[in-house]
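Below is start-v3.txt, which holds compact mmCIF, C-alpha atoms.
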```
# COMPACT_ATOMS: atom_id res chain seq x y z
CA MET X 1 111.78 93.03 42.43
CA ALA X 2 112.86 93.22 46.10
CA HIS X 3 115.54 90.83 47.33
CA LEU X 4 114.36 87.24 47.70
CA ASN X 5 113.48 86.24 51.25
CA TYR X 6 115.34 82.97 51.70
CA LYS X 7 113.40 82.10 54.85
CA HIS X 8 110.19 82.19 52.81
CA LEU X 9 111.90 80.07 50.17
CA GLN X 10 112.99 77.53 52.78
CA TYR X 11 109.41 77.21 54.04
CA PHE X 12 108.20 76.66 50.48
CA TRP X 13 111.00 74.10 49.92
CA ALA X 14 109.97 72.12 53.01
CA VAL X 15 106.29 72.01 52.00
CA ALA X 16 107.14 71.08 48.40
CA HIS X 17 109.17 68.09 49.53
CA GLU X 18 106.75 66.98 52.22
CA GLY X 19 103.66 67.54 50.06
CA ASN X 20 101.78 68.23 53.25
CA LEU X 21 101.45 71.42 55.31
CA THR X 22 101.14 69.63 58.67
CA ARG X 23 104.30 67.54 58.26
CA ALA X 24 106.27 70.52 56.94
CA ALA X 25 105.15 72.71 59.87
CA GLU X 26 106.26 70.03 62.35
CA LYS X 27 109.61 69.69 60.59
CA MET X 28 110.20 73.46 60.58
CA HIS X 29 108.86 73.88 64.16
CA VAL X 30 106.30 76.51 63.21
CA SER X 31 102.51 76.61 63.16
CA GLN X 32 100.58 75.73 60.00
CA SER X 33 99.10 79.23 59.85
CA ALA X 34 102.54 80.85 60.07
CA LEU X 35 103.82 78.54 57.36
CA SER X 36 100.88 79.36 55.08
CA ILE X 37 101.40 83.10 55.56
CA GLN X 38 105.11 82.89 54.69
CA ILE X 39 104.38 80.95 51.49
CA GLN X 40 101.66 83.43 50.53
CA LYS X 41 104.20 86.25 50.92
CA LEU X 42 106.60 84.39 48.63
CA GLU X 43 103.84 83.89 46.05
CA GLU X 44 102.99 87.60 46.21
CA GLN X 45 106.62 88.56 45.69
CA LEU X 46 107.07 86.16 42.77
CA GLY X 47 103.68 86.93 41.25
CA HIS X 48 102.71 83.29 40.82
CA ALA X 49 100.76 80.67 42.74
CA LEU X 50 103.17 77.90 43.75
CA PHE X 51 100.69 75.26 44.96
CA GLU X 52 97.23 74.05 44.16
CA ARG X 53 95.23 71.89 46.53
CA ARG X 54 93.94 68.48 45.43
CA GLY X 55 92.02 66.98 48.30
CA ARG X 56 94.38 66.99 51.26
CA GLN X 57 97.46 67.08 49.05
CA LEU X 58 99.35 70.17 47.95
CA VAL X 59 100.54 69.90 44.35
CA LEU X 60 103.09 72.15 42.71
CA THR X 61 101.95 74.44 39.93
CA GLU X 62 104.16 74.91 36.85
CA ALA X 63 105.70 77.98 38.49
CA GLY X 64 106.12 76.01 41.71
CA SER X 65 108.13 73.34 39.88
CA VAL X 66 110.47 75.99 38.48
CA VAL X 67 110.94 77.55 41.92
CA LEU X 68 111.59 74.12 43.48
CA ASP X 69 114.33 73.34 40.97
CA HIS X 70 116.14 76.53 41.96
CA ALA X 71 115.48 76.01 45.67
CA ASP X 72 116.98 72.51 45.49
CA GLN X 73 120.15 73.92 43.98
CA ILE X 74 120.34 76.75 46.51
CA PHE X 75 119.89 74.62 49.63
CA ASN X 76 121.95 71.69 48.37
CA THR X 77 124.79 74.10 47.62
CA GLY X 78 124.51 75.46 51.16
CA GLU X 79 124.70 71.96 52.64
CA GLU X 80 127.60 71.16 50.35
CA LEU X 81 129.47 74.23 51.61
CA LEU X 82 128.98 73.19 55.24
CA VAL X 83 130.22 69.67 54.53
CA ALA X 84 133.23 70.92 52.57
CA LEU X 85 134.35 73.35 55.28
CA ARG X 86 133.51 71.32 58.39
CA ASP X 87 136.72 69.29 58.57
CA ARG X 88 138.90 72.19 57.46
CA VAL X 89 137.61 74.36 60.28
CA SER X 90 137.99 71.61 62.89
CA GLY X 91 141.47 70.64 61.70
CA ALA X 92 140.44 67.00 61.57
CA ALA X 93 141.62 64.46 59.03
CA SER X 94 139.85 64.72 55.69
CA LEU X 95 136.75 62.57 55.72
CA LEU X 96 135.79 60.43 52.71
CA ARG X 97 132.36 58.83 53.00
CA VAL X 98 131.89 55.90 50.65
CA GLY X 99 128.68 54.00 50.02
CA ALA X 100 128.76 50.70 48.13
CA ARG X 101 126.01 48.43 46.85
CA SER X 102 125.66 45.63 49.36
CA ASN X 103 126.46 42.96 46.76
CA LEU X 104 129.57 44.65 45.38
CA SER X 105 132.81 42.65 45.55
CA ARG X 106 134.77 43.48 48.71
CA ASN X 107 138.00 42.75 46.88
CA PHE X 108 137.12 45.35 44.26
CA GLN X 109 136.27 47.92 46.93
CA MET X 110 139.61 47.36 48.66
CA LYS X 111 141.52 47.76 45.40
CA PHE X 112 139.69 50.97 44.54
CA LEU X 113 140.28 52.46 48.00
CA ALA X 114 143.87 51.22 48.31
CA PRO X 115 145.48 54.63 47.48
CA VAL X 116 143.85 56.27 50.52
CA LEU X 117 143.90 53.39 53.01
CA ALA X 118 147.51 54.06 54.02
CA ARG X 119 147.12 57.85 54.31
CA ASP X 120 147.15 59.18 57.85
CA ASP X 121 145.46 62.41 56.77
CA VAL X 122 142.28 60.65 55.59
CA ARG X 123 139.49 59.06 57.59
CA LEU X 124 137.20 56.64 55.74
CA LEU X 125 133.55 56.05 56.50
CA LEU X 126 132.28 52.97 54.64
CA THR X 127 128.62 52.02 54.36
CA SER X 128 126.62 49.62 52.20
CA GLY X 129 123.00 49.44 51.09
CA SER X 130 120.61 49.42 48.17
CA PHE X 131 121.34 51.59 45.15
CA THR X 132 118.19 53.66 45.73
CA ASP X 133 119.05 54.43 49.36
CA LEU X 134 122.67 55.22 48.53
CA ILE X 135 121.71 57.66 45.78
CA LYS X 136 119.38 59.44 48.23
CA ASP X 137 122.25 59.69 50.71
CA LEU X 138 124.51 61.01 47.96
CA GLU X 139 122.05 63.69 46.89
CA THR X 140 121.59 64.87 50.49
CA HIS X 141 125.38 64.97 51.02
CA LYS X 142 125.43 62.17 53.60
CA ILE X 143 128.04 60.34 51.49
CA ASP X 144 130.55 61.53 48.89
CA VAL X 145 130.52 58.66 46.39
CA VAL X 146 128.55 55.52 45.54
CA LEU X 147 130.37 52.44 44.24
CA SER X 148 128.13 50.29 42.06
CA ASN X 149 128.18 47.62 39.40
CA ILE X 150 124.89 48.76 37.88
CA LEU X 151 123.82 52.07 36.40
CA PRO X 152 120.04 52.63 36.17
CA ILE X 153 118.63 54.98 33.57
CA ARG X 154 119.47 58.58 34.42
CA ASP X 155 116.38 60.77 34.00
CA GLY X 156 116.26 64.53 33.63
CA ASN X 157 115.95 65.06 37.38
CA ALA X 158 119.05 63.06 38.30
CA THR X 159 121.82 65.16 39.80
CA TRP X 160 124.45 62.43 40.02
CA VAL X 161 127.32 61.81 37.62
CA PRO X 162 128.69 58.32 36.80
CA HIS X 163 132.42 57.67 36.39
CA LEU X 164 133.46 54.43 34.70
CA ILE X 165 136.33 53.12 36.82
CA ASP X 166 136.75 49.51 35.70
CA GLU X 167 135.42 46.78 33.46
CA GLN X 168 136.29 43.14 34.06
CA GLY X 169 135.68 39.95 32.17
CA ILE X 170 133.58 37.14 33.64
CA SER X 171 134.98 33.65 34.06
CA LEU X 172 133.92 30.15 35.01
CA ILE X 173 135.56 29.50 38.40
CA ALA X 174 135.57 26.15 40.18
CA THR X 175 137.38 23.88 42.59
CA PRO X 176 140.13 21.80 40.93
CA GLU X 177 137.89 18.73 41.19
CA LEU X 178 134.97 20.33 39.33
CA ALA X 179 137.31 21.97 36.81
CA GLU X 180 138.81 18.57 36.01
CA LYS X 181 135.36 17.19 35.27
CA TRP X 182 134.13 20.17 33.22
CA GLN X 183 137.10 21.36 31.17
CA ASP X 184 135.09 22.45 28.13
CA ARG X 185 133.56 25.90 28.57
CA ASP X 186 130.37 25.37 26.58
CA GLU X 187 129.72 21.96 28.12
CA ALA X 188 130.21 23.44 31.57
CA ILE X 189 127.73 26.26 30.96
CA ALA X 190 125.17 23.93 29.42
CA GLY X 191 125.39 21.02 31.85
CA ALA X 192 127.43 21.64 35.00
CA PRO X 193 125.96 22.79 38.32
CA LEU X 194 126.24 26.60 38.28
CA VAL X 195 126.43 29.22 41.00
CA LEU X 196 125.22 32.61 39.73
CA PRO X 197 124.51 36.18 40.79
CA THR X 198 120.80 36.98 41.05
CA VAL X 199 118.76 38.36 38.17
CA ASP X 200 119.17 42.02 39.21
CA SER X 201 122.91 42.01 38.47
CA GLY X 202 124.53 43.12 35.22
CA VAL X 203 126.43 39.82 35.01
CA ARG X 204 123.22 37.82 35.18
CA VAL X 205 121.53 39.91 32.50
CA GLY X 206 124.38 39.18 30.10
CA PHE X 207 124.50 35.50 31.09
CA ASP X 208 120.76 35.00 30.57
CA SER X 209 121.05 36.62 27.15
CA LEU X 210 123.89 34.25 26.26
CA ILE X 211 122.05 31.08 27.23
CA GLU X 212 118.91 32.26 25.45
CA THR X 213 120.91 32.80 22.26
CA ARG X 214 122.57 29.37 22.54
CA LYS X 215 119.31 27.66 23.55
CA TRP X 216 120.97 26.15 26.62
CA ALA X 217 119.12 25.07 29.75
CA PRO X 218 121.79 25.32 32.46
CA LYS X 219 121.57 23.62 35.83
CA ILE X 220 121.49 26.49 38.32
CA VAL X 221 122.01 25.14 41.84
CA ALA X 222 122.47 28.41 43.75
CA GLU X 223 121.97 32.15 43.29
CA SER X 224 122.94 35.03 45.55
CA ASP X 225 123.16 38.82 45.43
CA ASP X 226 126.05 38.66 47.93
CA MET X 227 129.47 38.21 46.32
CA ALA X 228 130.98 37.05 49.62
CA LEU X 229 128.42 34.23 49.80
CA LEU X 230 128.96 33.33 46.12
CA ARG X 231 132.65 33.04 46.90
CA LEU X 232 131.95 30.58 49.73
CA LEU X 233 129.59 28.53 47.57
CA ILE X 234 132.23 28.24 44.85
CA ARG X 235 134.94 27.36 47.37
CA GLY X 236 132.66 24.70 48.86
CA GLY X 237 132.33 22.94 45.51
CA VAL X 238 128.59 23.56 45.28
CA GLY X 239 128.96 24.46 41.61
CA ILE X 240 130.92 26.38 39.00
CA GLY X 241 130.78 30.11 39.63
CA VAL X 242 130.09 32.69 36.93
CA VAL X 243 131.88 35.69 38.44
CA PRO X 244 134.68 38.21 37.85
CA PRO X 245 138.02 36.65 38.90
CA ILE X 246 138.62 39.54 41.33
CA VAL X 247 135.89 38.11 43.57
CA VAL X 248 138.05 35.02 44.25
CA GLU X 249 141.52 36.36 43.46
CA HIS X 250 143.06 35.05 46.69
CA GLU X 251 141.70 31.54 46.11
CA LEU X 252 142.94 31.61 42.51
CA SER X 253 146.44 32.63 43.56
CA SER X 254 146.56 29.91 46.23
CA GLY X 255 145.23 27.18 43.92
CA LYS X 256 142.10 26.52 45.97
CA LEU X 257 140.10 27.54 42.91
CA VAL X 258 140.92 27.55 39.21
CA GLU X 259 139.67 29.44 36.19
CA ILE X 260 138.17 27.09 33.60
CA ASP X 261 137.71 29.76 30.93
CA THR X 262 136.37 33.22 30.27
CA VAL X 263 132.76 33.69 29.19
CA PRO X 264 132.81 35.40 25.77
CA GLY X 265 131.23 38.84 25.60
CA LEU X 266 130.36 38.92 29.28
CA THR X 267 131.76 41.67 31.53
CA GLU X 268 131.02 43.45 34.78
CA THR X 269 131.31 47.23 34.83
CA PHE X 270 132.14 49.24 37.93
CA PHE X 271 131.13 52.85 38.52
CA ALA X 272 131.91 55.57 41.01
CA ILE X 273 128.89 57.86 41.20
CA THR X 274 129.28 61.41 42.47
CA LEU X 275 127.52 64.75 42.46
CA SER X 276 128.69 67.69 40.41
CA ARG X 277 129.87 69.93 43.25
CA LEU X 278 131.14 73.46 43.67
CA PHE X 279 133.22 72.27 46.64
CA PRO X 280 134.46 68.78 45.68
CA ASN X 281 136.03 66.41 48.18
CA MET X 282 139.70 66.62 47.23
CA VAL X 283 140.48 63.11 48.50
CA LEU X 284 137.77 61.77 46.19
CA GLN X 285 139.10 63.88 43.31
CA ASP X 286 142.55 62.32 43.79
CA LEU X 287 141.03 58.85 43.93
CA LEU X 288 139.03 59.31 40.74
```

In C-alpha cells, how does this file's structure come out?
Amino acid sequence: MAHLNYKHLQYFWAVAHEGNLTRAAEKMHVSQSALSIQIQKLEEQLGHALFERRGRQLVLTEAGSVVLDHADQIFNTGEELLVALRDRVSGAASLLRVGARSNLSRNFQMKFLAPVLARDDVRLLLTSGSFTDLIKDLETHKIDVVLSNILPIRDGNATWVPHLIDEQGISLIATPELAEKWQDRDEAIAGAPLVLPTVDSGVRVGFDSLIETRKWAPKIVAESDDMALLRLLIRGGVGIGVVPPIVVEHELSSGKLVEIDTVPGLTETFFAITLSRLFPNMVLQDLL
C-alpha cells in the first residue's frame, strides 16, 4: 500500500465529526465536490467504503469507525505536540490550564494548587464549568486537567484517566447557636433545618441513602450546587450544613462555625482527571 495521504485523512476526520458534508466543507474552507473527491481517493486507497448515506446524514461504516479511531489518535497527538512545545519555543513560563466543576470547593482547589501558586516559572489558567464541557475541553487539549468531585461511568470511548487525589469525611456544621440546640447527631439529621448540596452531588447521593435506610424525613430548608453559597447559608444560620469541613475551614478555625459531628459512612471524593499523553505537562506531573 502507498503511503497514507494525511490530507485525505484530515478531510475524512472533519466529515466524520461533523456528520455533514456541507458543514465540514465550510470548516475546511473547500468545496463540497473537492471534499467528496478527496474522501473517495482515501476509500480507494484503503479498499473500503467509509460512509453510507442515510437521508441527508452521512453515517460511518464499520471500516469508517476503525479509521476514525486511528484518525482521532493521530490528530489529537499532533495537537498535543503543538501544545507541549509552544511555551518551550516561546521561552514563556510553563502554562498549567486547570478546569474545575463549578460547584467544587474553592478551598479544596487552593490547597491542591498550593505547590505551584508560589512558583514564578508557572502561569495558571483557571476555568470552571460543567463536567461535560470540561471533559470536552480536556479531550481537545484546551485544558490540562479537570478537578471534580464526581466521576461518571467511563465507557469504552473515554480517553481520560481519573486520579484519586483526596477523600474527606462529611460533617454537620452549624453556627454555635444552632449547634447548642442540636447537639445529638441523629436528632439533628432527623429534625433540624438542613442545608444540603443538590441531588447531583456525590455527598447528596450518600446522604439520601442514609436517610432512606434510617427512615428519617429531614427538614431541608435550602439546597445549592454552589459550595460558596452553601458556606454563606451555613454562616447565616439558615440551617445545619452537611458538607466537608474544608468548605468552611476558616470559619471553623475562627469559631464562627462549629462541627457538631461527622456523618458515618459519608465521604466526598476528589479527582484530578487527565489524558494519557505522549507529551505530558511536567508541572501537572509534579502536582499529581

Q.
If we count only C-alpha atoms and set the cut-off at 10 Å, which residues sit around Ile150 in chain X, ignoring sequence neighbours fewer than 3 positions away in its own chain? Please answer as a PyMOL selection string.
A. chain X and resi 101+104+131+147+153+200-203+268-271

Q. Just how far from CA of Glu139 in chain X is CA of Pro280 in chain X, in Å to one decimal?
A.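 CA of Pro280 in chain X sits 13.5 Å away from CA of Glu139 in chain X.
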
(Q) Using only C-alpha atoms, which protein or nucleic acid residues come within 10 Å of Pro245 in chain X? Drop anything in the same chain fewer than 3 positions from it, and give the result as a ChimeraX atom specification. (A) /X:168-173,241-242,248-252,258-259,262

Create the file for the chosen residues now, containing C-alpha atoms and written as a compact mmCIF listing (two decimals), keeping the file's coordinate frame.
```txt
# COMPACT_ATOMS: atom_id res chain seq x y z
CA GLN X 168 136.29 43.14 34.06
CA GLY X 169 135.68 39.95 32.17
CA ILE X 170 133.58 37.14 33.64
CA SER X 171 134.98 33.65 34.06
CA LEU X 172 133.92 30.15 35.01
CA ILE X 173 135.56 29.50 38.40
CA GLY X 241 130.78 30.11 39.63
CA VAL X 242 130.09 32.69 36.93
CA VAL X 248 138.05 35.02 44.25
CA GLU X 249 141.52 36.36 43.46
CA HIS X 250 143.06 35.05 46.69
CA GLU X 251 141.70 31.54 46.11
CA LEU X 252 142.94 31.61 42.51
CA VAL X 258 140.92 27.55 39.21
CA GLU X 259 139.67 29.44 36.19
CA THR X 262 136.37 33.22 30.27
```

Q.
Using all atoms listed in the file for the distances, tell me which of X:Leu124, X:Val59, X:Val205, X:Val263 is nearest to Asn20 in chain X.
A. X:Val59

Q. Which polymer residues, protein or nucleic acid, are no farther than 6 Å from (129.9, 58.1, 46.0), counting all atoms listed in the file, as a PyMOL selection string?
A. chain X and resi 98-99+144-147+272-274

Q. Could you name the residues that touch Arg214 in chain X at 12 Å or less, counting all atoms listed in the file, but leaving out those on the same chain fewer than 3 positions away, as a ChimeraX atom specification?
A. /X:186-187,189-190,207-211,217-218

For the contact check between range 40-64 of chain X and range 25-35 of chain X, emit one row per residue of range 40-64 of chain X within 12 Å, containing the shortest atom pair and the distance in Å rounded to one decimal, counting only C-alpha atoms, chain then rising number order, as a tab-separated table.
```
residue	atom	partner	partner_atom	distance
X:Gln40	CA	X:Leu35	CA	8.7
X:Lys41	CA	X:Leu35	CA	10.1
X:Leu42	CA	X:Leu35	CA	10.9
```

Q) Which residues, protein or nucleic acid, reach to within 9 Å of (121.6, 20.7, 41.1) in the file's coordinates when using only C-alpha atoms, and can you give that as an NGL selection string? A) :X and (192-194 or 219-222 or 238-239)

**Q.** Nearest to Gly237 in chain X by atom-to-atom distance, counting only C-alpha atoms, from X:Glu180, X:Thr175, X:Arg277, X:Arg185
**A.**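 Looking only at the distances to Gly237 in chain X, the closest residue turns out to be X:Thr175.
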
Q) Which distance in Å separates CA of Glu223 in chain X and CA of Pro197 in chain X, to one decimal? A)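 Those two atoms sit 5.4 Å apart.
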
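With CA of Gln183 in chain X on one side and CA of Val243 in chain X on the other, the separation reads 16.9 Å.
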
**Q.** Residue neighbourhood Thr132 in chain X, 10 Å, all atoms listed in the file, exclusion window fewer than 4 positions, as a PyMOL selection string
**A.** chain X and resi 101+136-138+152
